[in-house]
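What follows is the content of input_22.json (JSON, C-alpha atoms and all ligand atoms).
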[["chain", "number", "residue", "atom", "x", "y", "z"],
["A", 30, "MET", "CA", 140.56, 146.62, 57.74],
["A", 31, "LYS", "CA", 143.08, 143.78, 57.70],
["A", 32, "ILE", "CA", 142.97, 142.04, 61.08],
["A", 33, "GLY", "CA", 145.62, 139.45, 61.98],
["A", 34, "PHE", "CA", 146.07, 137.05, 64.90],
["A", 35, "LEU", "CA", 149.77, 136.72, 65.72],
["A", 36, "GLY", "CA", 149.54, 133.33, 67.42],
["A", 37, "CYS", "CA", 146.26, 131.57, 66.83],
["A", 38, "GLY", "CA", 145.61, 128.79, 69.34],
["A", 39, "LYS", "CA", 142.64, 127.96, 71.58],
["A", 40, "LEU", "CA", 141.59, 131.51, 72.46],
["A", 41, "ALA", "CA", 142.17, 133.16, 69.07],
["A", 42, "ARG", "CA", 140.39, 130.30, 67.29],
["A", 43, "SER", "CA", 137.37, 130.71, 69.58],
["A", 44, "ILE", "CA", 137.28, 134.43, 68.66],
["A", 45, "LEU", "CA", 137.47, 133.58, 64.95],
["A", 46, "ARG", "CA", 134.64, 131.07, 65.40],
["A", 47, "GLY", "CA", 132.46, 133.70, 67.08],
["A", 48, "ILE", "CA", 133.23, 136.47, 64.57],
["A", 49, "SER", "CA", 132.71, 134.16, 61.60],
["A", 50, "LYS", "CA", 129.00, 134.04, 62.52],
["A", 51, "ARG", "CA", 128.67, 137.83, 62.41],
["A", 52, "ASP", "CA", 128.54, 140.50, 59.65],
["A", 53, "LEU", "CA", 132.02, 141.70, 60.68],
["A", 54, "TRP", "CA", 133.42, 138.57, 59.04],
["A", 55, "LYS", "CA", 132.46, 139.93, 55.60],
["A", 56, "GLN", "CA", 133.35, 143.56, 56.37],
["A", 57, "HIS", "CA", 137.03, 142.93, 57.25],
["A", 58, "SER", "CA", 139.76, 140.53, 56.18],
["A", 59, "PHE", "CA", 141.14, 138.11, 58.78],
["A", 60, "SER", "CA", 144.48, 136.31, 58.82],
["A", 61, "ALA", "CA", 146.87, 134.64, 61.27],
["A", 62, "SER", "CA", 150.45, 133.58, 61.90],
["A", 63, "VAL", "CA", 151.55, 130.42, 63.75],
["A", 64, "THR", "CA", 154.75, 128.42, 64.00],
["A", 65, "GLN", "CA", 153.71, 124.93, 62.93],
["A", 66, "GLU", "CA", 152.62, 124.08, 59.40],
["A", 67, "ALA", "CA", 150.02, 121.67, 60.85],
["A", 68, "SER", "CA", 148.38, 124.54, 62.81],
["A", 69, "ALA", "CA", 148.42, 126.71, 59.69],
["A", 70, "ALA", "CA", 146.77, 123.97, 57.62],
["A", 71, "SER", "CA", 144.04, 123.39, 60.17],
["A", 72, "LEU", "CA", 143.29, 127.14, 60.42],
["A", 73, "ARG", "CA", 143.12, 127.43, 56.61],
["A", 74, "GLN", "CA", 140.78, 124.46, 56.51],
["A", 75, "GLU", "CA", 138.42, 125.69, 59.24],
["A", 76, "PHE", "CA", 138.26, 129.42, 58.39],
["A", 77, "ALA", "CA", 139.54, 129.72, 54.80],
["A", 78, "ILE", "CA", 141.81, 132.59, 55.89],
["A", 79, "GLU", "CA", 145.37, 133.49, 54.93],
["A", 80, "VAL", "CA", 147.81, 131.95, 57.44],
["A", 81, "PHE", "CA", 151.51, 132.81, 57.58],
["A", 82, "THR", "CA", 154.28, 130.90, 59.32],
["A", 83, "ASP", "CA", 156.35, 134.06, 59.76],
["A", 84, "ASN", "CA", 155.17, 136.94, 61.90],
["A", 85, "GLN", "CA", 156.78, 139.68, 59.80],
["A", 86, "SER", "CA", 154.56, 138.85, 56.81],
["A", 87, "LEU", "CA", 151.44, 139.00, 59.00],
["A", 88, "VAL", "CA", 152.44, 142.31, 60.59],
["A", 89, "ASP", "CA", 153.37, 143.85, 57.21],
["A", 90, "PHE", "CA", 150.00, 142.71, 55.80],
["A", 91, "CYS", "CA", 147.68, 143.81, 58.66],
["A", 92, "ASP", "CA", 146.42, 147.10, 60.14],
["A", 93, "LEU", "CA", 145.28, 145.60, 63.43],
["A", 94, "ILE", "CA", 147.30, 142.80, 65.04],
["A", 95, "ILE", "CA", 145.93, 140.65, 67.86],
["A", 96, "LEU", "CA", 148.68, 139.09, 69.97],
["A", 97, "GLY", "CA", 147.49, 135.54, 70.70],
["A", 98, "ALA", "CA", 150.79, 133.82, 71.62],
["A", 99, "LYS", "CA", 151.83, 133.05, 75.22],
["A", 100, "PRO", "CA", 152.69, 136.07, 77.40],
["A", 101, "HIS", "CA", 156.36, 135.12, 77.89],
["A", 102, "GLN", "CA", 156.88, 134.87, 74.09],
["A", 103, "ILE", "CA", 155.70, 138.37, 73.18],
["A", 104, "SER", "CA", 158.84, 140.38, 73.98],
["A", 105, "SER", "CA", 161.03, 138.10, 71.85],
["A", 106, "ILE", "CA", 158.47, 137.99, 69.00],
["A", 107, "LEU", "CA", 158.17, 141.79, 68.87],
["A", 108, "SER", "CA", 161.93, 142.34, 69.12],
["A", 109, "LYS", "CA", 162.43, 140.29, 65.93],
["A", 110, "LEU", "CA", 160.11, 142.47, 63.82],
["A", 111, "LYS", "CA", 161.66, 145.00, 61.43],
["A", 112, "PRO", "CA", 160.64, 148.69, 61.88],
["A", 113, "LEU", "CA", 157.23, 149.15, 60.29],
["A", 114, "PRO", "CA", 156.58, 151.84, 57.64],
["A", 115, "ARG", "CA", 153.05, 152.69, 58.88],
["A", 116, "SER", "CA", 151.41, 152.74, 62.29],
["A", 117, "LYS", "CA", 149.36, 149.81, 63.54],
["A", 118, "THR", "CA", 146.89, 148.93, 66.25],
["A", 119, "TRP", "CA", 147.95, 146.13, 68.61],
["A", 120, "VAL", "CA", 145.56, 144.15, 70.80],
["A", 121, "SER", "CA", 147.07, 141.87, 73.42],
["A", 122, "LEU", "CA", 145.15, 138.84, 74.69],
["A", 123, "CYS", "CA", 148.03, 137.91, 77.00],
["A", 124, "ALA", "CA", 147.22, 137.23, 80.64],
["A", 125, "GLY", "CA", 149.29, 139.29, 83.06],
["A", 126, "LEU", "CA", 151.24, 141.23, 80.44],
["A", 127, "SER", "CA", 150.92, 144.88, 81.47],
["A", 128, "TYR", "CA", 149.89, 147.72, 79.20],
["A", 129, "GLU", "CA", 153.03, 149.62, 80.19],
["A", 130, "LYS", "CA", 155.31, 146.75, 79.09],
["A", 131, "LEU", "CA", 153.46, 146.37, 75.79],
["A", 132, "ARG", "CA", 153.69, 150.10, 75.14],
["A", 133, "SER", "CA", 157.45, 150.08, 75.80],
["A", 134, "TRP", "CA", 157.95, 147.28, 73.21],
["A", 135, "LEU", "CA", 155.85, 148.92, 70.48],
["A", 136, "PRO", "CA", 156.29, 152.11, 68.39],
["A", 137, "SER", "CA", 155.04, 155.14, 70.32],
["A", 138, "ASN", "CA", 152.60, 156.21, 67.57],
["A", 139, "ASP", "CA", 150.85, 152.83, 67.49],
["A", 140, "GLU", "CA", 147.61, 152.25, 69.34],
["A", 141, "VAL", "CA", 147.64, 149.55, 72.02],
["A", 142, "VAL", "CA", 144.66, 147.80, 73.64],
["A", 143, "ARG", "CA", 144.62, 145.04, 76.24],
["A", 144, "ALA", "CA", 141.76, 142.56, 75.91],
["A", 145, "MET", "CA", 140.83, 139.67, 78.17],
["A", 146, "PRO", "CA", 138.16, 137.53, 76.51],
["A", 147, "SER", "CA", 137.39, 133.85, 77.15],
["A", 148, "THR", "CA", 136.94, 130.82, 74.91],
["A", 149, "SER", "CA", 133.17, 131.35, 75.26],
["A", 150, "SER", "CA", 133.84, 133.74, 72.32],
["A", 151, "ALA", "CA", 133.21, 130.71, 70.11],
["A", 152, "PHE", "CA", 129.53, 130.86, 71.16],
["A", 153, "ASN", "CA", 129.41, 134.69, 71.18],
["A", 154, "GLU", "CA", 129.15, 134.60, 74.99],
["A", 155, "SER", "CA", 132.55, 135.92, 76.12],
["A", 156, "MET", "CA", 132.76, 138.50, 78.89],
["A", 157, "THR", "CA", 135.66, 140.58, 77.57],
["A", 158, "LEU", "CA", 137.56, 143.12, 79.66],
["A", 159, "LEU", "CA", 139.22, 145.94, 77.69],
["A", 160, "TYR", "CA", 141.74, 148.60, 78.61],
["A", 161, "ALA", "CA", 143.45, 151.36, 76.59],
["A", 162, "ASP", "CA", 144.45, 155.00, 77.00],
["A", 163, "LYS", "CA", 141.71, 155.75, 74.50],
["A", 164, "LYS", "CA", 138.76, 153.50, 73.59],
["A", 165, "HIS", "CA", 139.12, 151.97, 70.13],
["A", 166, "ALA", "CA", 135.89, 151.67, 68.12],
["A", 167, "LEU", "CA", 136.84, 148.68, 65.95],
["A", 168, "VAL", "CA", 138.30, 146.72, 68.87],
["A", 169, "ASN", "CA", 135.08, 147.40, 70.78],
["A", 170, "GLU", "CA", 133.05, 146.14, 67.80],
["A", 171, "LEU", "CA", 135.20, 143.00, 67.43],
["A", 172, "PHE", "CA", 134.72, 141.92, 71.02],
["A", 173, "GLN", "CA", 131.06, 142.90, 71.12],
["A", 174, "ALA", "CA", 130.65, 140.49, 68.23],
["A", 175, "VAL", "CA", 131.79, 137.64, 70.50],
["A", 176, "GLY", "CA", 129.86, 138.60, 73.66],
["A", 177, "SER", "CA", 129.77, 141.51, 76.11],
["A", 178, "VAL", "CA", 132.53, 144.04, 76.79],
["A", 179, "LEU", "CA", 133.57, 146.11, 79.80],
["A", 180, "TRP", "CA", 136.17, 148.87, 79.40],
["A", 181, "VAL", "CA", 138.01, 149.16, 82.71],
["A", 182, "SER", "CA", 139.51, 152.39, 84.05],
["A", 183, "GLU", "CA", 142.99, 151.07, 84.80],
["A", 184, "ASP", "CA", 145.23, 148.32, 83.49],
["A", 185, "LEU", "CA", 145.56, 146.55, 86.83],
["A", 186, "ARG", "CA", 141.79, 145.92, 86.83],
["A", 187, "ILE", "CA", 142.27, 143.53, 83.89],
["A", 188, "ASP", "CA", 144.64, 141.36, 85.97],
["A", 189, "GLN", "CA", 142.41, 141.53, 89.03],
["A", 190, "LEU", "CA", 139.24, 140.62, 87.11],
["A", 191, "ALA", "CA", 140.68, 138.09, 84.64],
["A", 192, "PRO", "CA", 140.38, 135.25, 87.18],
["A", 193, "VAL", "CA", 136.61, 135.94, 87.25],
["A", 194, "THR", "CA", 136.02, 136.30, 83.52],
["A", 195, "ALA", "CA", 138.77, 134.22, 81.88],
["A", 196, "SER", "CA", 139.73, 131.50, 84.41],
["A", 197, "SER", "CA", 136.34, 130.87, 85.98],
["A", 198, "PRO", "CA", 134.89, 128.88, 83.08],
["A", 199, "ALA", "CA", 137.45, 126.21, 84.13],
["A", 200, "PHE", "CA", 136.38, 126.56, 87.78],
["A", 201, "ILE", "CA", 132.76, 126.02, 86.78],
["A", 202, "TYR", "CA", 133.80, 122.97, 84.69],
["A", 203, "HIS", "CA", 135.54, 121.67, 87.82],
["A", 204, "LEU", "CA", 132.26, 122.02, 89.74],
["A", 205, "MET", "CA", 130.60, 120.26, 86.81],
["A", 206, "GLU", "CA", 132.69, 117.21, 87.68],
["A", 207, "GLY", "CA", 130.81, 117.11, 90.99],
["A", 208, "PHE", "CA", 127.49, 117.04, 89.08],
["A", 209, "GLU", "CA", 128.87, 114.31, 86.81],
["A", 210, "ASP", "CA", 130.02, 112.20, 89.78],
["A", 211, "TYR", "CA", 126.56, 112.44, 91.33],
["A", 212, "MET", "CA", 124.79, 111.62, 88.07],
["A", 213, "THR", "CA", 127.00, 108.67, 87.07],
["A", 214, "SER", "CA", 125.03, 106.30, 89.28],
["A", 215, "LEU", "CA", 121.78, 107.58, 87.69],
["A", 216, "GLU", "CA", 122.79, 106.16, 84.30],
["A", 217, "LEU", "CA", 122.02, 109.17, 82.11],
["A", 218, "ASN", "CA", 123.71, 109.33, 78.72],
["A", 219, "PRO", "CA", 126.27, 112.13, 78.07],
["A", 220, "THR", "CA", 123.75, 114.19, 76.05],
["A", 221, "GLU", "CA", 121.19, 114.08, 78.87],
["A", 222, "THR", "CA", 123.88, 114.94, 81.46],
["A", 223, "SER", "CA", 125.06, 117.96, 79.40],
["A", 224, "LEU", "CA", 121.45, 119.11, 78.87],
["A", 225, "LEU", "CA", 120.57, 118.99, 82.57],
["A", 226, "ILE", "CA", 123.71, 120.79, 83.77],
["A", 227, "GLY", "CA", 123.98, 123.21, 80.83],
["A", 228, "GLN", "CA", 120.35, 124.32, 80.83],
["A", 229, "MET", "CA", 120.41, 124.73, 84.63],
["A", 230, "LEU", "CA", 123.53, 126.96, 84.35],
["A", 231, "LYS", "CA", 121.96, 128.90, 81.46],
["A", 232, "GLY", "CA", 118.90, 129.63, 83.62],
["A", 233, "VAL", "CA", 121.15, 130.74, 86.48],
["A", 234, "ALA", "CA", 123.12, 133.02, 84.11],
["A", 235, "GLN", "CA", 119.90, 134.55, 82.68],
["A", 236, "LYS", "CA", 118.62, 135.25, 86.19],
["A", 237, "ILE", "CA", 121.87, 136.86, 87.36],
["A", 238, "LEU", "CA", 122.05, 139.02, 84.20],
["A", 239, "SER", "CA", 118.41, 140.12, 84.20],
["A", 240, "GLU", "CA", 117.88, 140.80, 87.93],
["A", 241, "SER", "CA", 121.27, 142.11, 89.21],
["A", 242, "LYS", "CA", 120.54, 140.74, 92.70],
["A", 243, "SER", "CA", 123.13, 139.67, 95.28],
["A", 244, "ALA", "CA", 123.93, 135.99, 95.74],
["A", 245, "GLU", "CA", 122.35, 136.11, 99.20],
["A", 246, "GLU", "CA", 119.02, 137.35, 97.75],
["A", 247, "LEU", "CA", 119.12, 134.76, 94.96],
["A", 248, "ILE", "CA", 119.76, 131.91, 97.41],
["A", 249, "LYS", "CA", 116.80, 133.03, 99.56],
["A", 250, "GLU", "CA", 114.51, 132.77, 96.53],
["A", 251, "VAL", "CA", 115.48, 129.12, 95.90],
["A", 252, "ALA", "CA", 116.09, 127.72, 99.38],
["A", 253, "THR", "CA", 112.93, 127.11, 101.43],
["A", 254, "PRO", "CA", 113.76, 126.92, 105.16],
["A", 255, "GLY", "CA", 113.95, 123.26, 106.19],
["A", 256, "GLY", "CA", 113.79, 122.14, 102.55],
["A", 257, "MET", "CA", 116.08, 119.93, 100.41],
["A", 258, "THR", "CA", 118.12, 122.83, 98.98],
["A", 259, "VAL", "CA", 119.00, 124.06, 102.48],
["A", 260, "ALA", "CA", 120.25, 120.55, 103.32],
["A", 261, "GLY", "CA", 122.58, 120.70, 100.31],
["A", 262, "LEU", "CA", 123.72, 124.25, 101.09],
["A", 263, "ARG", "CA", 124.66, 123.09, 104.60],
["A", 264, "LYS", "CA", 127.06, 120.55, 103.06],
["A", 265, "LEU", "CA", 128.60, 123.21, 100.79],
["A", 266, "THR", "CA", 129.19, 125.36, 103.89],
["A", 267, "GLU", "CA", 130.64, 122.39, 105.80],
["A", 268, "PHE", "CA", 133.15, 121.76, 102.95],
["A", 269, "GLU", "CA", 133.92, 125.50, 102.63],
["A", 270, "ALA", "CA", 133.02, 125.64, 98.93],
["A", 271, "ARG", "CA", 132.70, 129.45, 99.01],
["A", 272, "LYS", "CA", 136.14, 129.89, 100.55],
["A", 273, "ALA", "CA", 137.64, 127.38, 98.07],
["A", 274, "LEU", "CA", 136.36, 129.46, 95.12],
["A", 275, "THR", "CA", 137.69, 132.73, 96.57],
["A", 276, "GLU", "CA", 141.09, 131.08, 97.10],
["A", 277, "ALA", "CA", 141.07, 129.73, 93.53],
["A", 278, "LEU", "CA", 140.48, 133.27, 92.19],
["A", 279, "LYS", "CA", 143.32, 134.66, 94.32],
["A", 280, "ALA", "CA", 145.67, 131.84, 93.20],
["A", 281, "ALA", "CA", 144.88, 132.57, 89.53],
["A", 282, "TYR", "CA", 145.70, 136.28, 90.05],
["A", 283, "GLU", "CA", 148.98, 135.46, 91.83],
["A", 284, "ARG", "CA", 149.97, 133.05, 89.04],
["A", 285, "SER", "CA", 149.23, 135.64, 86.34],
["A", 286, "LYS", "CA", 151.64, 138.01, 88.13],
["A", 287, "GLU", "CA", 154.34, 135.31, 88.23],
["A", 288, "LEU", "CA", 153.85, 134.49, 84.53],
["A", 289, "ALA", "CA", 154.02, 138.15, 83.59],
["A", 290, "SER", "CA", 157.35, 138.60, 85.38],
["A", 291, "ARG", "CA", 159.05, 135.68, 83.54],
["N", 1, "LIG", "N1", 142.92, 129.96, 76.67],
["N", 1, "LIG", "C1", 142.24, 130.86, 77.38],
["N", 1, "LIG", "O1", 141.13, 130.58, 77.88],
["N", 1, "LIG", "C2", 142.78, 132.27, 77.58],
["N", 1, "LIG", "C3", 141.99, 133.20, 78.29],
["N", 1, "LIG", "C4", 142.48, 134.50, 78.43],
["N", 1, "LIG", "C5", 143.71, 134.86, 77.89],
["N", 1, "LIG", "N2", 144.47, 133.92, 77.24],
["N", 1, "LIG", "C6", 145.74, 134.35, 76.66],
["N", 1, "LIG", "O2", 145.71, 134.07, 75.26],
["N", 1, "LIG", "C7", 147.00, 133.75, 74.79],
["N", 1, "LIG", "C8", 146.92, 132.44, 74.01],
["N", 1, "LIG", "O3", 146.46, 131.41, 74.86],
["N", 1, "LIG", "P1", 145.94, 130.03, 74.23],
["N", 1, "LIG", "O4", 145.36, 129.27, 75.35],
["N", 1, "LIG", "O5", 145.13, 130.33, 73.01],
["N", 1, "LIG", "O6", 147.36, 129.39, 73.81],
["N", 1, "LIG", "P2", 147.66, 128.25, 72.74],
["N", 1, "LIG", "O7", 146.45, 127.45, 72.44],
["N", 1, "LIG", "O8", 148.89, 127.55, 73.21],
["N", 1, "LIG", "O9", 148.03, 129.09, 71.42],
["N", 1, "LIG", "C9", 149.25, 129.75, 71.26],
["N", 1, "LIG", "C10", 149.41, 130.09, 69.79],
["N", 1, "LIG", "O10", 150.62, 130.85, 69.65],
["N", 1, "LIG", "C11", 151.32, 130.34, 68.53],
["N", 1, "LIG", "N3", 152.75, 130.64, 68.67],
["N", 1, "LIG", "C12", 153.66, 130.09, 69.50],
["N", 1, "LIG", "N4", 154.87, 130.67, 69.32],
["N", 1, "LIG", "C13", 154.69, 131.60, 68.34],
["N", 1, "LIG", "C14", 155.56, 132.51, 67.67],
["N", 1, "LIG", "N5", 156.86, 132.61, 67.98],
["N", 1, "LIG", "N6", 155.02, 133.28, 66.71],
["N", 1, "LIG", "C15", 153.72, 133.21, 66.36],
["N", 1, "LIG", "N7", 152.84, 132.37, 66.96],
["N", 1, "LIG", "C16", 153.34, 131.58, 67.93],
["N", 1, "LIG", "C17", 151.03, 128.85, 68.51],
["N", 1, "LIG", "O11", 151.27, 128.35, 67.20],
["N", 1, "LIG", "P3", 151.43, 126.79, 66.89],
["N", 1, "LIG", "O12", 150.02, 126.23, 66.94],
["N", 1, "LIG", "O13", 151.99, 126.74, 65.52],
["N", 1, "LIG", "O14", 152.33, 126.22, 67.96],
["N", 1, "LIG", "C18", 149.54, 128.88, 68.87],
["N", 1, "LIG", "O15", 148.78, 129.13, 67.71],
["N", 1, "LIG", "C19", 147.92, 133.67, 76.01],
["N", 1, "LIG", "O16", 148.71, 134.83, 76.05],
["N", 1, "LIG", "C20", 146.97, 133.61, 77.19],
["N", 1, "LIG", "O17", 147.50, 134.30, 78.31],
["N", 1, "LIG", "C21", 144.02, 132.63, 77.06]]

Starting from the file, lay out its structure as structure tokens.
Amino acid sequence: MKIGFLGCGKLARSILRGISKRDLWKQHSFSASVTQEASAASLRQEFAIEVFTDNQSLVDFCDLIILGAKPHQISSILSKLKPLPRSKTWVSLCAGLSYEKLRSWLPSNDEVVRAMPSTSSAFNESMTLLYADKKHALVNELFQAVGSVLWVSEDLRIDQLAPVTASSPAFIYHLMEGFEDYMTSLELNPTETSLLIGQMLKGVAQKILSESKSAEELIKEVATPGGMTVAGLRKLTEFEARKALTEALKAAYERSKELASR
């Protein structure tokens, strides 16, 4: 299959990085379209793929097109394409852009899938949400190659869950700044700082994934009554860290709705 990224910035590049480490890379042909010659050159250099600077050439060339431009650009991009002689599969990465809208802009015989991966795709650790009228085997395979997938039962679920899977890496990096602030005075070098925080988070992730326990149960296992962890947890409660995270997730969802309506 010929698979093309229409718009190939931070997210699409991370997907290409992840897929390039898997067998799929040799089984299919990958290409992209972007606007700037400098972006095209850097993509050609990193991935040795065909890169177009006009979308029509990419769409004519490919069977499966992954929309990786900004949500508010998609309607105008699609409206400029000439009618296509054969049917295609379209995968949208665009936050907040509904399945219904995408369907209304694309030929009725074409297959449409919404996908919400994260830039952790580069390390084959994305949690990708997928939605379509009918599951699509190759799309499933593509996103399994860059992490785990969850097909959701309705389109709205993608928008509701995207703050958790797609925005939260940034929220965790924000918390990481708190670790960094604390560790600055301890004079560790950047490699040691990244190792301590990264390995700790990896252990936390492994535990959550392997045991499927609630946060309350997990906290009980780590926090001995009267111990040092409880003292720290008390501070997090005092500063309403839990509430702050919930509000951040709600704000991300609200913003995705605003962006989608532009
Ligand atoms: N970043 C994330 O973590 C994340 C997570 C979930 C979903 N998303 C979604 O993924 C999409 C891309 O986000 P991003 O962060 O990767 O954005 P980005 O880094 O700004 O990349 C946008 C890409 O679109 C290209 N582009 C702009 N106008 C175009 C046009 N008219 N035709 C073809 N290509 C065009 C740009 O090309 P040039 O380089 O030539 O300007 C660039 O390659 C968005 O819809 C976003 O909602 C992103």

Item to check | Residues within 12 Å of (136.5, 149.9, 75.3), file coords, all atoms listed in the file, listed as JSON, numbers by chain | outcome: {"A": [120, 141, 142, 143, 144, 145, 157, 158, 159, 160, 161, 162, 163, 164, 165, 166, 167, 168, 169, 170, 171, 172, 173, 177, 178, 179, 180, 181, 182, 183]}

Which protein, DNA or RNA residues have an atom at most 12 Å from (121.8, 122.8, 87.4), counting only C-alpha atoms? List them as an mmCIF file with C-alpha atoms, in the coordinates of the input.
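result14.cif written:
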data_model
loop_
_atom_site.group_PDB
_atom_site.id
_atom_site.type_symbol
_atom_site.label_atom_id
_atom_site.label_comp_id
_atom_site.auth_asym_id
_atom_site.auth_seq_id
_atom_site.Cartn_x
_atom_site.Cartn_y
_atom_site.Cartn_z
ATOM 1 C CA ILE A 201 132.760 126.020 86.780
ATOM 2 C CA LEU A 204 132.260 122.020 89.740
ATOM 3 C CA MET A 205 130.600 120.260 86.810
ATOM 4 C CA GLY A 207 130.810 117.110 90.990
ATOM 5 C CA PHE A 208 127.490 117.040 89.080
ATOM 6 C CA GLU A 209 128.870 114.310 86.810
ATOM 7 C CA MET A 212 124.790 111.620 88.070
ATOM 8 C CA THR A 222 123.880 114.940 81.460
ATOM 9 C CA SER A 223 125.060 117.960 79.400
ATOM 10 C CA LEU A 224 121.450 119.110 78.870
ATOM 11 C CA LEU A 225 120.570 118.990 82.570
ATOM 12 C CA ILE A 226 123.710 120.790 83.770
ATOM 13 C CA GLY A 227 123.980 123.210 80.830
ATOM 14 C CA GLN A 228 120.350 124.320 80.830
ATOM 15 C CA MET A 229 120.410 124.730 84.630
ATOM 16 C CA LEU A 230 123.530 126.960 84.350
ATOM 17 C CA LYS A 231 121.960 128.900 81.460
ATOM 18 C CA GLY A 232 118.900 129.630 83.620
ATOM 19 C CA VAL A 233 121.150 130.740 86.480
ATOM 20 C CA ALA A 234 123.120 133.020 84.110
#

Within 9 Å of ligand LIG 1 (chain N), which residues show up when you count all atoms listed in the file? List them as a compact mmCIF listing (two decimals) with C-alpha atoms, in the frame of the given file, please.
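Listed below is the output, pocket_20.txt:
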# COMPACT_ATOMS: atom_id res chain seq x y z
CA PHE A 34 146.07 137.05 64.90
CA LEU A 35 149.77 136.72 65.72
CA GLY A 36 149.54 133.33 67.42
CA CYS A 37 146.26 131.57 66.83
CA GLY A 38 145.61 128.79 69.34
CA LYS A 39 142.64 127.96 71.58
CA LEU A 40 141.59 131.51 72.46
CA ALA A 41 142.17 133.16 69.07
CA ARG A 42 140.39 130.30 67.29
CA SER A 43 137.37 130.71 69.58
CA ALA A 61 146.87 134.64 61.27
CA SER A 62 150.45 133.58 61.90
CA VAL A 63 151.55 130.42 63.75
CA THR A 64 154.75 128.42 64.00
CA GLN A 65 153.71 124.93 62.93
CA GLU A 66 152.62 124.08 59.40
CA ALA A 67 150.02 121.67 60.85
CA SER A 68 148.38 124.54 62.81
CA ALA A 69 148.42 126.71 59.69
CA THR A 82 154.28 130.90 59.32
CA ASP A 83 156.35 134.06 59.76
CA ASN A 84 155.17 136.94 61.90
CA LEU A 96 148.68 139.09 69.97
CA GLY A 97 147.49 135.54 70.70
CA ALA A 98 150.79 133.82 71.62
CA LYS A 99 151.83 133.05 75.22
CA PRO A 100 152.69 136.07 77.40
CA HIS A 101 156.36 135.12 77.89
CA GLN A 102 156.88 134.87 74.09
CA ILE A 103 155.70 138.37 73.18
CA SER A 105 161.03 138.10 71.85
CA ILE A 106 158.47 137.99 69.00
CA SER A 121 147.07 141.87 73.42
CA LEU A 122 145.15 138.84 74.69
CA CYS A 123 148.03 137.91 77.00
CA ALA A 124 147.22 137.23 80.64
CA GLY A 125 149.29 139.29 83.06
CA LEU A 126 151.24 141.23 80.44
CA ALA A 144 141.76 142.56 75.91
CA MET A 145 140.83 139.67 78.17
CA PRO A 146 138.16 137.53 76.51
CA SER A 147 137.39 133.85 77.15
CA THR A 148 136.94 130.82 74.91
CA SER A 149 133.17 131.35 75.26
CA ALA A 191 140.68 138.09 84.64
CA THR A 194 136.02 136.30 83.52
CA ALA A 195 138.77 134.22 81.88
CA SER A 196 139.73 131.50 84.41
CA PRO A 198 134.89 128.88 83.08
CA ALA A 199 137.45 126.21 84.13
CA SER A 285 149.23 135.64 86.34
CA LEU A 288 153.85 134.49 84.53

Item to check | Separation of CA of Glu154 (chain A) from CA of Leu262 (chain A) in Å | outcome: 28.6 Å

Checklist entry - Which is closest to Lys279 (chain A) among A:Leu93, A:Ser86, A:Arg51, A:Ser197, if we use only C-alpha atoms? => result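 Residue with the minimum atom-to-atom distance to Lys279 (chain A): A:Ser197.
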
Checklist entry - Which is closer to Asp184 (chain A) than all the others in A:Met156, A:Leu72, A:Ala151, A:Leu131, using all atoms listed in the file? => result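 Counting all atoms listed in the file, the residue closest to Asp184 (chain A) is A:Leu131.
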
Item to check | Surrounding residues of Leu135 (chain A) excluding itself and chain neighbours under 6 positions, 12 Å, all atoms listed in the file, as a list in words | outcome: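 In the requested format, the answer is Ile94, Ile103, Ser104, Ile106, Leu107, Ser108, Lys109, Leu110, Lys111, Pro112, Leu113, Ser116, Lys117, Thr118, Trp119, Val120, Ser121, Tyr128, Glu129, Val141 and Val142 of chain A.
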
Export, as an mmCIF file, keeping the file's coordinate frame, the selected residues with C-alpha atoms.
data_model
loop_
_atom_site.group_PDB
_atom_site.id
_atom_site.type_symbol
_atom_site.label_atom_id
_atom_site.label_comp_id
_atom_site.auth_asym_id
_atom_site.auth_seq_id
_atom_site.Cartn_x
_atom_site.Cartn_y
_atom_site.Cartn_z
ATOM 1 C CA ILE A 94 147.300 142.800 65.040
ATOM 2 C CA ILE A 103 155.700 138.370 73.180
ATOM 3 C CA SER A 104 158.840 140.380 73.980
ATOM 4 C CA ILE A 106 158.470 137.990 69.000
ATOM 5 C CA LEU A 107 158.170 141.790 68.870
ATOM 6 C CA SER A 108 161.930 142.340 69.120
ATOM 7 C CA LYS A 109 162.430 140.290 65.930
ATOM 8 C CA LEU A 110 160.110 142.470 63.820
ATOM 9 C CA LYS A 111 161.660 145.000 61.430
ATOM 10 C CA PRO A 112 160.640 148.690 61.880
ATOM 11 C CA LEU A 113 157.230 149.150 60.290
ATOM 12 C CA SER A 116 151.410 152.740 62.290
ATOM 13 C CA LYS A 117 149.360 149.810 63.540
ATOM 14 C CA THR A 118 146.890 148.930 66.250
ATOM 15 C CA TRP A 119 147.950 146.130 68.610
ATOM 16 C CA VAL A 120 145.560 144.150 70.800
ATOM 17 C CA SER A 121 147.070 141.870 73.420
ATOM 18 C CA TYR A 128 149.890 147.720 79.200
ATOM 19 C CA GLU A 129 153.030 149.620 80.190
ATOM 20 C CA VAL A 141 147.640 149.550 72.020
ATOM 21 C CA VAL A 142 144.660 147.800 73.640
#
